[in-house]
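Here the structure is laid out as structure tokens; the discussion comes afterwards.
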Amino acid sequence: MTSAVTTLTTEIVLPGKVEPRGLVVHTRELPAPAEGQVVLRMDATGVSFAEQQMRRGKYYDQPAFPFVPGYDVVGTVTAAGPGVDPALTGRRFAAVTKTGAWAGHLLLDAADLVAVPDDVDAAAAETVLVNGITAWQMLHRKAKVRSGGTVVVLGANGGVGSTLVQLARHAGITVIGTAAPRHHATLRELGAIPVDYRDPEMYRRIAEIAPGGVDAVFDHVGGAGLVESWRLLRTGGTLVSYGTAATKDEEGNSQLPVLKVFARLLAWNALPNGRSAYFYNFWAGRRRPETFRRRLSEDLTRVLGLLSAGVLTAQIAGRFPLSEAASALELAESRTVAGKVVLVPDEDAGTGAGAGTGTGMDVGMDAGGGA
């Protein structure tokens, strides 16, 4: 069934390299969905490390300015285009968009939608979309750590990091997690062994906890510390690099830090020491769209199922109305919160920008979903 009705939507536009207050609130008419498309009303979207890098022009393959940011979204289908099952209308789905989700309504391909369990809150689901898929795929598809193993998670209090901790503990894996001391009690509650990431002897402390080496290190920081992460591995261990947060404030070519990491990992993989190294890229494999979509749907469905079952706990750092995206971005970049800052429709914002922001937690250098 085709809808010929246009929808008025509010969008948050990133006009160029600006501070958060330079974001522009824009309203436009969204056309009716084309063949295979739906109109999705945004119920929750979020602020990830990717958007923080995009506003600096530092994300590896971001589009040209201006554009609408927003890496992932949970929403309700309000219209279905030709060739789309009209029964989707009124149902809630999640999608990973990379850009475009900071909007009241958006056009999406129906094939990219993943059903969200009815008992899962939209904001809670938002926290485990790209973060959850990233954590799941790094742990189970890349590192393939078995029960009884030991892993190191850098930035264990962040969006991806906290999800990694929970998934690993659920799989019977010992976790050593780095974070600021004030987060150590929280990490212990999640079942991790905390280590102070500000300690200049951090890597030596980790080696003392796991003198025989670890099965995997998940490193979103990059930079000089990547060598130390590699040295923590036992024979047969795996280093998974998924970001270059150490260079987030550096000027220059946004692709150069990632290319340097690629070169280093390739060199390490050539060594005859039984260890392996990977750079995790969420979008790897998109040249085979059917396989990419199938794996994304499978993995996200697993993660959302664990959230519904209570195995995963949503880490919501704060809720902001969409029109206050600038304040949400400032909070996400403030290094004072843990988990993910969530954007919701203005009419669903409850008490507004202050809702849920009083955690006093430190994001640290969380890669979010923007690896």
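Every chain in the structure tokens has a letter given in the order shown (A, B, ...), and although residue numbers restart at 1 in each chain, ligands are simply numbered from 1 in the order shown.
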*DSSP says strand (DSSP E) for which residues of range 71-282 of chain A? Put them as a PyMOL selection string?*
chain A and resi 72-80+92-96+105-109+114-115+150-153+174-179+193-196+214-219+233-241+276-279
Just write the chosen residues, N, CA and C atoms, as a compact mmCIF listing (two decimals), in the first residue's frame.
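In the end it all went to out_0.txt:
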# COMPACT_ATOMS: atom_id res chain seq x y z
N ASP A 72 22.17 5.40 14.77
CA ASP A 72 21.18 4.33 14.87
C ASP A 72 19.88 4.89 15.45
N VAL A 73 18.83 4.09 15.36
CA VAL A 73 17.50 4.62 15.71
C VAL A 73 16.56 3.48 16.08
N VAL A 74 15.65 3.77 16.99
CA VAL A 74 14.50 2.92 17.28
C VAL A 74 13.26 3.75 16.96
N GLY A 75 12.32 3.17 16.23
CA GLY A 75 11.16 3.95 15.86
C GLY A 75 9.98 3.09 15.44
N THR A 76 8.89 3.77 15.13
CA THR A 76 7.64 3.12 14.74
C THR A 76 7.32 3.44 13.28
N VAL A 77 7.00 2.44 12.50
CA VAL A 77 6.65 2.64 11.09
C VAL A 77 5.30 3.34 11.00
N THR A 78 5.28 4.44 10.26
CA THR A 78 4.03 5.19 10.08
C THR A 78 3.49 5.11 8.66
N ALA A 79 4.31 4.69 7.71
CA ALA A 79 3.86 4.55 6.32
C ALA A 79 4.75 3.55 5.61
N ALA A 80 4.17 2.78 4.70
CA ALA A 80 4.90 1.77 3.94
C ALA A 80 4.79 2.06 2.46
N ARG A 92 7.22 -1.47 15.93
CA ARG A 92 8.46 -0.80 16.32
C ARG A 92 9.67 -1.60 15.85
N PHE A 93 10.65 -0.88 15.32
CA PHE A 93 11.85 -1.51 14.77
C PHE A 93 13.08 -0.70 15.14
N ALA A 94 14.23 -1.35 14.97
CA ALA A 94 15.53 -0.69 15.12
C ALA A 94 16.23 -0.72 13.78
N ALA A 95 17.14 0.24 13.58
CA ALA A 95 17.94 0.27 12.36
C ALA A 95 19.25 0.98 12.65
N VAL A 96 20.29 0.55 11.96
CA VAL A 96 21.58 1.24 12.00
C VAL A 96 21.71 2.05 10.72
N HIS A 105 11.29 12.08 11.84
CA HIS A 105 10.88 11.01 10.93
C HIS A 105 11.99 10.82 9.90
N LEU A 106 12.15 9.61 9.41
CA LEU A 106 13.15 9.37 8.38
C LEU A 106 12.70 8.25 7.46
N LEU A 107 13.21 8.30 6.23
CA LEU A 107 12.95 7.25 5.24
C LEU A 107 14.02 6.18 5.36
N LEU A 108 13.60 4.92 5.42
CA LEU A 108 14.54 3.80 5.52
C LEU A 108 14.09 2.68 4.60
N ASP A 109 15.04 1.87 4.17
CA ASP A 109 14.69 0.64 3.46
C ASP A 109 14.10 -0.35 4.45
N VAL A 114 14.99 -4.15 12.03
CA VAL A 114 15.07 -5.30 12.92
C VAL A 114 14.03 -5.10 14.02
N ALA A 115 13.18 -6.08 14.24
CA ALA A 115 12.10 -5.95 15.23
C ALA A 115 12.66 -5.78 16.64
N THR A 150 40.12 -15.14 29.41
CA THR A 150 40.29 -13.83 30.05
C THR A 150 40.49 -12.77 28.99
N VAL A 151 39.79 -11.64 29.12
CA VAL A 151 39.91 -10.56 28.15
C VAL A 151 40.15 -9.24 28.88
N VAL A 152 40.71 -8.28 28.14
CA VAL A 152 40.88 -6.91 28.63
C VAL A 152 39.98 -6.01 27.80
N VAL A 153 39.19 -5.18 28.49
CA VAL A 153 38.33 -4.21 27.83
C VAL A 153 38.78 -2.81 28.24
N THR A 174 36.39 -14.18 32.06
CA THR A 174 36.91 -13.22 33.03
C THR A 174 37.25 -11.92 32.31
N VAL A 175 36.87 -10.78 32.90
CA VAL A 175 37.07 -9.48 32.27
C VAL A 175 37.91 -8.58 33.17
N ILE A 176 38.98 -8.03 32.61
CA ILE A 176 39.75 -6.97 33.24
C ILE A 176 39.37 -5.69 32.51
N GLY A 177 38.80 -4.73 33.23
CA GLY A 177 38.29 -3.52 32.58
C GLY A 177 38.97 -2.27 33.09
N THR A 178 39.35 -1.38 32.18
CA THR A 178 39.99 -0.12 32.58
C THR A 178 38.95 0.99 32.65
N ALA A 179 39.10 1.85 33.66
CA ALA A 179 38.21 2.98 33.87
C ALA A 179 38.79 3.85 34.97
N ILE A 193 37.08 -7.01 36.73
CA ILE A 193 38.19 -6.63 37.60
C ILE A 193 38.67 -5.26 37.14
N PRO A 194 38.48 -4.21 37.94
CA PRO A 194 38.82 -2.86 37.46
C PRO A 194 40.29 -2.51 37.61
N VAL A 195 40.78 -1.71 36.65
CA VAL A 195 42.13 -1.17 36.68
C VAL A 195 42.03 0.31 36.29
N ASP A 196 42.77 1.16 36.97
CA ASP A 196 42.73 2.59 36.72
C ASP A 196 43.42 2.91 35.39
N VAL A 214 46.51 -12.76 28.10
CA VAL A 214 45.04 -12.80 27.98
C VAL A 214 44.64 -13.30 26.60
N ASP A 215 43.39 -13.72 26.51
CA ASP A 215 42.89 -14.28 25.25
C ASP A 215 42.52 -13.20 24.24
N ALA A 216 42.18 -12.02 24.72
CA ALA A 216 41.82 -10.93 23.80
C ALA A 216 41.94 -9.60 24.51
N VAL A 217 42.30 -8.57 23.73
CA VAL A 217 42.27 -7.19 24.19
C VAL A 217 41.40 -6.42 23.21
N PHE A 218 40.44 -5.65 23.74
CA PHE A 218 39.57 -4.82 22.92
C PHE A 218 39.98 -3.37 23.15
N ASP A 219 40.59 -2.76 22.13
CA ASP A 219 41.27 -1.48 22.25
C ASP A 219 40.65 -0.47 21.29
N LEU A 233 48.85 -10.12 25.11
CA LEU A 233 48.25 -11.35 24.59
C LEU A 233 49.10 -12.58 24.89
N ARG A 234 48.43 -13.65 25.20
CA ARG A 234 49.09 -14.95 25.26
C ARG A 234 49.22 -15.50 23.86
N THR A 235 49.95 -16.60 23.70
CA THR A 235 49.99 -17.28 22.40
C THR A 235 48.59 -17.75 22.04
N GLY A 236 48.16 -17.41 20.85
CA GLY A 236 46.80 -17.72 20.43
C GLY A 236 45.80 -16.61 20.72
N GLY A 237 46.27 -15.54 21.38
CA GLY A 237 45.38 -14.44 21.71
C GLY A 237 45.11 -13.51 20.54
N THR A 238 44.11 -12.66 20.69
CA THR A 238 43.67 -11.77 19.62
C THR A 238 43.54 -10.34 20.12
N LEU A 239 44.13 -9.42 19.38
CA LEU A 239 43.93 -8.00 19.61
C LEU A 239 42.86 -7.49 18.64
N VAL A 240 41.81 -6.87 19.17
CA VAL A 240 40.78 -6.26 18.34
C VAL A 240 40.84 -4.75 18.56
N SER A 241 41.31 -4.04 17.55
CA SER A 241 41.34 -2.58 17.59
C SER A 241 40.08 -2.08 16.91
N SER A 276 47.09 -12.90 16.84
CA SER A 276 46.45 -12.27 15.70
C SER A 276 45.92 -10.89 16.08
N ALA A 277 45.74 -10.05 15.07
CA ALA A 277 45.27 -8.68 15.30
C ALA A 277 44.29 -8.29 14.20
N TYR A 278 43.21 -7.63 14.59
CA TYR A 278 42.18 -7.21 13.64
C TYR A 278 41.79 -5.77 13.92
N PHE A 279 41.38 -5.07 12.87
CA PHE A 279 40.70 -3.79 13.05
C PHE A 279 39.23 -4.05 12.77
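Excluding Val120 in chain A and any residue on its chain fewer than 5 positions from it, the residues at most 8 Å away by only C-alpha atoms are Ala125, Leu307 and Ser308 of chain A.
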*For CA of Asn281 in chain A and CA of Val47 in chain A, determine how far apart the two atoms are, in Å to one decimal place.*
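Interatomic distance, CA of Asn281 in chain A to CA of Val47 in chain A: 18.4 Å.
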*Please measure the separation of CA of Ala135 in chain A and CA of Val160 in chain A, giving the value in Å to one decimal.*
6.0 Å
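Restricting the calculation to only C-alpha atoms, the smallest distance between Thr10 in chain A and any of A:Val165, A:Leu154, A:Ala103, A:Met138 is found for A:Ala103.
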*Within 12 Å of Thr27 in chain A, counting only C-alpha atoms, which residues qualify if same-chain residues fewer than 6 places away don't, as a list in words?*
Thr7, Leu8, Thr9, Thr10, Glu11, Ile12, Val13, Val68, Trp102, Ala103, Gly104, His105 and Ser323 of chain A
*as a count of residues only, list the residues of range 160-232 of chain A assigned to alpha helix (DSSP H) by DSSP on the backbone atoms of this structure.*
33
*Excluding same-chain residues fewer than 4 positions from Ala171 in chain A, what lies within 9 Å of it counting only C-alpha atoms, as a list in words?*
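Listing them by chain and then by number gives Val145, Arg146, Ser147, Gly148, Gln166 and Leu167 of chain A.
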Shell of 7 Å around range 336-350 of chain A, only C-alpha atoms, local chain residues under 3 positions omitted, as an mmCIF file with N, CA and C atoms, in the first residue's frame:
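Result file follows (part_21.cif):
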data_model
loop_
_atom_site.group_PDB
_atom_site.id
_atom_site.type_symbol
_atom_site.label_atom_id
_atom_site.label_comp_id
_atom_site.auth_asym_id
_atom_site.auth_seq_id
_atom_site.Cartn_x
_atom_site.Cartn_y
_atom_site.Cartn_z
ATOM 1 N N MET A 42 10.830 8.483 14.717
ATOM 2 C CA MET A 42 11.875 8.249 15.709
ATOM 3 C C MET A 42 11.301 8.195 17.119
ATOM 4 N N ASP A 43 11.548 7.101 17.824
ATOM 5 C CA ASP A 43 11.198 6.992 19.235
ATOM 6 C C ASP A 43 12.418 7.205 20.128
ATOM 7 N N ALA A 44 13.595 6.878 19.614
ATOM 8 C CA ALA A 44 14.847 7.116 20.339
ATOM 9 C C ALA A 44 16.008 7.007 19.368
ATOM 10 N N THR A 45 16.951 7.918 19.501
ATOM 11 C CA THR A 45 18.224 7.822 18.801
ATOM 12 C C THR A 45 19.285 8.207 19.823
ATOM 13 N N GLY A 46 20.534 8.301 19.428
ATOM 14 C CA GLY A 46 21.542 8.536 20.458
ATOM 15 C C GLY A 46 22.758 9.277 19.951
ATOM 16 N N VAL A 47 23.632 9.606 20.904
ATOM 17 C CA VAL A 47 24.892 10.275 20.611
ATOM 18 C C VAL A 47 26.014 9.274 20.826
ATOM 19 N N GLY A 104 12.979 13.631 13.429
ATOM 20 C CA GLY A 104 11.699 13.185 13.949
ATOM 21 C C GLY A 104 11.106 12.044 13.146
ATOM 22 N N ALA A 123 14.287 3.722 24.498
ATOM 23 C CA ALA A 123 15.572 4.298 24.895
ATOM 24 C C ALA A 123 16.543 3.219 25.337
ATOM 25 N N THR A 127 20.393 2.012 23.396
ATOM 26 C CA THR A 127 21.735 1.922 23.973
ATOM 27 C C THR A 127 22.506 0.695 23.510
ATOM 28 N N ASN A 157 33.754 1.323 31.065
ATOM 29 C CA ASN A 157 32.562 2.024 31.545
ATOM 30 C C ASN A 157 31.774 2.692 30.420
ATOM 31 N N GLY A 158 32.292 2.679 29.210
ATOM 32 C CA GLY A 158 31.630 3.340 28.099
ATOM 33 C C GLY A 158 30.530 2.499 27.484
ATOM 34 N N GLY A 159 29.951 3.003 26.394
ATOM 35 C CA GLY A 159 28.829 2.327 25.757
ATOM 36 C C GLY A 159 29.176 0.950 25.235
ATOM 37 N N GLN A 315 22.546 1.120 29.730
ATOM 38 C CA GLN A 315 23.315 2.172 30.381
ATOM 39 C C GLN A 315 22.905 3.508 29.747
ATOM 40 N N ILE A 316 21.880 4.150 30.318
ATOM 41 C CA ILE A 316 21.382 5.419 29.787
ATOM 42 C C ILE A 316 22.007 6.563 30.580
ATOM 43 N N ALA A 317 22.846 7.354 29.910
ATOM 44 C CA ALA A 317 23.518 8.463 30.585
ATOM 45 C C ALA A 317 22.609 9.672 30.748
ATOM 46 N N GLY A 318 21.626 9.832 29.875
ATOM 47 C CA GLY A 318 20.703 10.950 29.949
ATOM 48 C C GLY A 318 19.767 10.941 28.764
ATOM 49 N N ARG A 319 18.602 11.564 28.929
ATOM 50 C CA ARG A 319 17.614 11.693 27.854
ATOM 51 C C ARG A 319 17.410 13.177 27.557
ATOM 52 N N PHE A 320 17.436 13.511 26.282
ATOM 53 C CA PHE A 320 17.233 14.887 25.846
ATOM 54 C C PHE A 320 16.199 14.910 24.729
ATOM 55 N N PRO A 321 15.382 15.949 24.659
ATOM 56 C CA PRO A 321 14.527 16.111 23.485
ATOM 57 C C PRO A 321 15.382 16.376 22.252
ATOM 58 N N LEU A 322 14.897 15.949 21.113
ATOM 59 C CA LEU A 322 15.658 16.090 19.868
ATOM 60 C C LEU A 322 16.100 17.530 19.633
ATOM 61 N N SER A 323 15.233 18.486 19.938
ATOM 62 C CA SER A 323 15.565 19.886 19.689
ATOM 63 C C SER A 323 16.730 20.385 20.534
ATOM 64 N N ALA A 328 22.794 17.583 24.389
ATOM 65 C CA ALA A 328 23.095 16.157 24.477
ATOM 66 C C ALA A 328 24.523 15.874 24.023
ATOM 67 N N ALA A 332 27.642 14.307 26.199
ATOM 68 C CA ALA A 332 28.370 13.123 25.764
ATOM 69 C C ALA A 332 29.875 13.378 25.691
ATOM 70 N N THR A 359 24.260 11.042 36.799
ATOM 71 C CA THR A 359 24.984 9.828 37.129
ATOM 72 C C THR A 359 26.350 10.099 37.714
ATOM 73 N N GLY A 360 26.952 11.237 37.374
ATOM 74 C CA GLY A 360 28.304 11.531 37.848
ATOM 75 C C GLY A 360 29.326 10.554 37.321
ATOM 76 N N MET A 361 29.059 9.908 36.193
ATOM 77 C CA MET A 361 29.957 8.903 35.648
ATOM 78 C C MET A 361 30.783 9.480 34.509
ATOM 79 N N ASP A 362 31.917 8.841 34.244
ATOM 80 C CA ASP A 362 32.870 9.365 33.271
ATOM 81 C C ASP A 362 32.887 8.488 32.034
ATOM 82 N N VAL A 363 32.594 9.069 30.886
ATOM 83 C CA VAL A 363 32.609 8.308 29.646
ATOM 84 C C VAL A 363 34.025 7.888 29.295
#
*Choose the residue, out of A:Gly81, A:Gly213, A:Gly172, A:Ala263, that has the smallest atom-to-atom separation from Gly191 in chain A; count only C-alpha atoms.*
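Counting only C-alpha atoms, the residue closest to Gly191 in chain A is A:Gly172.
Note that CA of Leu113 in chain A and CA of Ser297 in chain A are 8.1 Å apart.
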*Excluding Pro289 in chain A and any residue of its chain fewer than 6 positions from it, enumerate the residues within 12 Å of it, using only C-alpha atoms, and give them as number ranges by chain.*
A: 111-112, 283, 295-297
Resulting file, chosen residues, C-alpha atoms, as a compact mmCIF listing (two decimals), in the first residue's frame:
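Below is the file that was written, result-v4.txt:
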# COMPACT_ATOMS: atom_id res chain seq x y z
CA ALA A 111 15.08 -4.53 4.55
CA ASP A 112 17.21 -2.71 7.14
CA TRP A 283 30.55 -1.64 8.02
CA ARG A 295 24.43 -10.96 10.16
CA LEU A 296 23.38 -7.58 11.49
CA SER A 297 19.82 -8.80 11.99
*asked:* So, with only C-alpha atoms as the atoms that count, which of A:Leu304, A:Ala180, A:Val25, A:Val128 lies closest to Asp199 in chain A?
replied: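 So, comparing all the options, the nearest one is A:Ala180.
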